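Asker: Input: one structure, supplied below.
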Amino acid sequence: MCGYSPLRRLHTGERTTAFLARAPGSEVHVVLRVFTGPDGPARALTELEMAAQVDTPHLQRAKDIGVSPTNDPVLVTARLGRRLSELLDGGGHIAPGSIVTLAAPLAAALRCLHENGIAHGAVDVAHIRLASDGSPVLVGADGGLSATPTNVRSDLEGFAHLLDSVLQNSDGSCRSRGMSEITAWLRNRCQGPDRPPPDTYADLERRIFALATPLPFAVGERQPVPTQRTDWVRDRSVRRRDGGSPVAALLEGELSFSLEETRNLLRQIVDRLRGRRGRLVLVAVLIFAVFLTGTLWLLPQRTSADESSSAPTKRPVPPATMADVAPADLDESKALDKLLAMRRVCQEQSHAARCLAHVYETGSPALEADRAALGASARDPFPVLSLEPARRDVTAQRVSGGFAAFIVRDSDAKNQPVSVILTMTETGWLIRDIFDA
């Protein structure tokens, strides 16, 4: 199609159907957006006109245009990464500087659209994708809308909601500052029937950059729930020092109460306290020593059970990242066995969703199907793949450089056979897609 080899369908909507495709003799991937139906040519032209008016790299635009075998217009666009909504679903920590790097280009893109009389019409976390360099790109404009006051306010309110969603994954200080100084202020600007004042965009970008120093956008691992710090608690183990006064040692509880050590202590006290005044002091010290000894004797001893119950509970540590599940040097059949074995292991883990991401290619529909079936009562969408290797038959359908297709059947014919497509990536073999055979 248009000189590219379609690999799989990415999306089917009312307006377009999108395919992942590869240039002949190259590993460069693109997306072919086919505008179907009688209104297809007009919709494709609207998108091209919008991209021609708006000069920003943060809006999805066509690299080329062609015609499908059914004479539908096709726009060739760059392949983009994951949606922002997918990244936020993991709940990982986002640094304040990363929020600046995400929000500032999007605010500038909306400013460019609105100044050219166009509104996006669908600004939300599902319509933001990350480019190969990590920069955010607005998608889903579909030619845009007229920049009426209502549509412009809707875009800006959508941006405020988007920023609120990202701020929820940041630290408390950044979250409170961002919500009070940016999103609340922006919503206030959108009050009333009129279009927000022209200086709204410059003020919005200034407030975003005041939040923090920009950093590359990244979503970190989920942060552990904060627990009460216990490092201020004094260690109750006996501390021993060389030398020092026996009286000081007694008062600090560092002297053991053996008979010999007690006799030596009393002798030293008697030698130091002579005369009538000394005898009075001696009597007072002896009374104090007897009282202290009795108190220490009556105190309950700390047992190992007490120590284990008061010790901080250890949380289970998730296993390390499972990179290179099926290394590139494996042949296709062994790579399939490795990936299916890891899929079975992942389904039994508490962190199954994260584990499965190391088995599938990013954005794979089969990955979403497996994640959706992780509930306690959910059914495995591909039960034949969960069988033991001895109970399944595998037939290779097509194997070429960096690509392999197999049909997996149940030896007992009790489960639906499926087709499994593997692809070679920088980290090794991954499952690209699974569908009924």
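Convention: chains lettered A, B, ... in structure tokens order; per-chain residue numbering from 1; ligands numbered from 1 as shown.
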Excluding region 157-164 of chain A and residues on its chain fewer than 3 positions from it, collect all residues at most 10 Å away from it, counting only C-alpha atoms, and give them as a PyMOL selection string.

Answerer: chain A and resi 84-85+99-100+102-103+106-107+110+121-126+128+151-154+167-169+175+178-179+182-191

Asker: Please provide as a CSV table (one decimal) with all heavy atoms, in the first residue's frame all residues within 12 Å of Val345 (chain A), with the sequence filter that same-chain residues fewer than 5 positions apart are discarded (counting only C-alpha atoms).

Answerer:
```
chain,number,residue,atom,x,y,z
A,322,MET,N,12.7,-8.2,33.9
A,322,MET,CA,13.0,-9.4,33.1
A,322,MET,C,13.3,-9.0,31.7
A,322,MET,O,12.5,-9.2,30.8
A,322,MET,CB,11.8,-10.3,33.2
A,322,MET,CG,11.6,-10.9,34.6
A,322,MET,SD,10.0,-11.7,34.8
A,322,MET,CE,9.0,-10.3,34.8
A,325,VAL,N,14.0,-11.7,27.7
A,325,VAL,CA,13.3,-13.0,27.9
A,325,VAL,C,13.6,-13.9,26.8
A,325,VAL,O,13.9,-15.1,27.0
A,325,VAL,CB,11.8,-12.7,27.9
A,325,VAL,CG1,11.0,-14.1,28.0
A,325,VAL,CG2,11.4,-11.9,29.1
A,338,LYS,N,10.1,-19.7,24.8
A,338,LYS,CA,10.5,-18.8,25.9
A,338,LYS,C,9.5,-17.8,26.3
A,338,LYS,O,9.1,-17.6,27.4
A,338,LYS,CB,11.8,-18.1,25.6
A,338,LYS,CG,13.1,-19.0,25.6
A,338,LYS,CD,13.6,-19.1,27.0
A,338,LYS,CE,15.0,-19.8,26.9
A,338,LYS,NZ,15.6,-19.9,28.3
A,339,LEU,N,8.9,-17.2,25.3
A,339,LEU,CA,7.9,-16.1,25.5
A,339,LEU,C,6.6,-16.7,26.1
A,339,LEU,O,6.0,-16.1,27.0
A,339,LEU,CB,7.6,-15.4,24.2
A,339,LEU,CG,8.8,-14.5,23.7
A,339,LEU,CD1,8.5,-14.0,22.3
A,339,LEU,CD2,9.0,-13.3,24.6
A,340,LEU,N,6.2,-17.9,25.6
A,340,LEU,CA,5.0,-18.5,26.1
A,340,LEU,C,5.2,-19.0,27.6
A,340,LEU,O,4.3,-18.9,28.4
A,340,LEU,CB,4.5,-19.6,25.2
A,340,LEU,CG,4.1,-19.2,23.8
A,340,LEU,CD1,3.5,-20.4,23.1
A,340,LEU,CD2,3.0,-18.1,23.8
A,350,SER,N,2.0,-11.3,41.2
A,350,SER,CA,1.2,-10.2,41.7
A,350,SER,C,1.3,-9.0,40.9
A,350,SER,O,0.5,-8.1,40.8
A,350,SER,CB,1.6,-9.9,43.2
A,350,SER,OG,2.9,-9.6,43.3
A,351,HIS,N,2.5,-8.9,40.2
A,351,HIS,CA,2.8,-7.7,39.3
A,351,HIS,C,2.6,-8.2,37.9
A,351,HIS,O,3.5,-7.9,37.0
A,351,HIS,CB,4.2,-7.2,39.6
A,351,HIS,CG,5.3,-8.2,39.5
A,351,HIS,ND1,5.5,-9.2,40.4
A,351,HIS,CD2,6.2,-8.3,38.5
A,351,HIS,CE1,6.5,-9.9,40.0
A,351,HIS,NE2,7.0,-9.4,38.9
A,352,ALA,N,1.6,-8.9,37.5
A,352,ALA,CA,1.4,-9.5,36.2
A,352,ALA,C,1.4,-8.5,35.1
A,352,ALA,O,2.0,-8.7,34.0
A,352,ALA,CB,0.1,-10.4,36.2
A,353,ALA,N,0.8,-7.4,35.3
A,353,ALA,CA,0.7,-6.4,34.2
A,353,ALA,C,2.0,-5.9,33.8
A,353,ALA,O,2.3,-5.8,32.6
A,353,ALA,CB,-0.2,-5.2,34.6
A,355,CYS,N,4.9,-7.5,34.4
A,355,CYS,CA,5.7,-8.6,33.9
A,355,CYS,C,5.3,-8.9,32.4
A,355,CYS,O,6.2,-9.1,31.6
A,355,CYS,CB,5.4,-9.8,34.7
A,355,CYS,SG,6.2,-11.3,34.2
A,356,LEU,N,4.0,-8.8,32.0
A,356,LEU,CA,3.6,-9.1,30.6
A,356,LEU,C,4.2,-8.1,29.7
A,356,LEU,O,4.3,-8.4,28.5
A,356,LEU,CB,2.1,-9.1,30.6
A,356,LEU,CG,1.4,-10.3,31.2
A,356,LEU,CD1,-0.1,-10.1,31.2
A,356,LEU,CD2,1.7,-11.6,30.4
A,358,HIS,N,7.1,-7.3,29.3
A,358,HIS,CA,8.4,-7.8,28.8
A,358,HIS,C,8.2,-9.0,27.8
A,358,HIS,O,9.2,-9.5,27.4
A,358,HIS,CB,9.3,-8.2,30.0
A,358,HIS,CG,9.6,-7.1,30.9
A,358,HIS,ND1,10.4,-6.1,30.6
A,358,HIS,CD2,9.1,-6.8,32.2
A,358,HIS,CE1,10.5,-5.2,31.6
A,358,HIS,NE2,9.7,-5.6,32.6
A,359,VAL,N,7.0,-9.3,27.6
A,359,VAL,CA,6.7,-10.4,26.7
A,359,VAL,C,6.1,-9.9,25.3
A,359,VAL,O,6.4,-10.5,24.3
A,359,VAL,CB,5.7,-11.4,27.3
A,359,VAL,CG1,5.3,-12.5,26.4
A,359,VAL,CG2,6.2,-12.0,28.6
A,386,SER,N,-1.5,-21.3,27.2
A,386,SER,CA,-1.1,-21.6,28.6
A,386,SER,C,-0.9,-23.1,28.8
A,386,SER,O,-0.6,-23.5,30.0
A,386,SER,CB,-2.2,-21.1,29.5
A,386,SER,OG,-2.4,-19.6,29.4
```

Asker: Set the distance at 10 Å and use only C-alpha atoms: which residues neighbour Ser170 (chain A) once local chain neighbours fewer than 2 positions away are removed? I'd like the list as a list in words.

Answerer: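 Those residues are Gly91, Gly92, His93, Ile94, Ala95, Pro96, Ser98, Ile99, Ser165, Val166, Leu167, Gln168, Gly172, Ser173, Cys174, Arg175, Ser176, Gly178 and Val219 of chain A.
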
Asker: With 8 Å as the cut-off and only C-alpha atoms counted, what is the closest atom pair between each nearby residue of region 133-191 of chain A and region 27-50 of chain A? Distances in Å to one decimal, ordered by chain and number, as a tab-separated table.

Answerer:
```
residue	atom	partner	partner_atom	distance
A:Asp142	CA	A:Glu47	CA	6.2
A:Gly143	CA	A:Glu47	CA	4.1
A:Gly144	CA	A:Met50	CA	7.1
```

Asker: Write out the residues from the selection above, keeping C-alpha atoms, as a compact mmCIF listing (two decimals), in the first residue's frame.

Answerer:
```
# COMPACT_ATOMS: atom_id res chain seq x y z
CA ASP A 142 -9.14 15.00 12.69
CA GLY A 143 -8.92 18.29 10.84
CA GLY A 144 -9.82 20.38 13.87
```

Asker: Which of these residues is nearest to Pro365 (chain A), using only C-alpha atoms: A:Phe288, A:Phe435, A:Phe209, A:Phe19?

Answerer: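 Closest to Pro365 (chain A), using only C-alpha atoms: A:Phe435.
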
Asker: What separation in Å, quoted to one decimal, exists between CA of Ala147 (chain A) and CA of Arg15 (chain A)?

Answerer: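 Computed distance, CA of Ala147 (chain A) to CA of Arg15 (chain A), equals 21.3 Å.
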
Asker: List as a list of chain:residue names the protein and nucleic acid residues near Asp329 (chain A), meaning an atom at most 10 Å away when only C-alpha atoms are counted, but skip any in the same chain fewer than 6 places from it.

Answerer: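 Counting only C-alpha atoms, the residues come to A:Ala335, A:Gly428, A:Trp429.
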
Asker: I need the residues from that last selection saved to file as a JSON list (two decimals), in the first residue's frame (with C-alpha atoms), if you can.

Answerer:
```json
[["chain", "number", "residue", "atom", "x", "y", "z"],
["A", 335, "ALA", "CA", 11.96, -17.72, 21.15],
["A", 428, "GLY", "CA", 15.12, -9.46, 21.61],
["A", 429, "TRP", "CA", 12.05, -11.32, 20.40]]
```

Asker: Can you pull out the residues contacting Leu138 (chain A)? Cut-off 8 Å, using only C-alpha atoms, and skip same-chain residues under 2 positions away; I want them as a list in words.

Answerer: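 Those residues are His58, Leu59, Gln60, Leu106, Val123, His127, Ile128, Arg129, Pro136, Gly140 and Ala141 of chain A.
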
Asker: In Å, rounded to a single decimal, give me how far CA of Val139 (chain A) is from CA of Arg22 (chain A).

Answerer: 20.9 Å
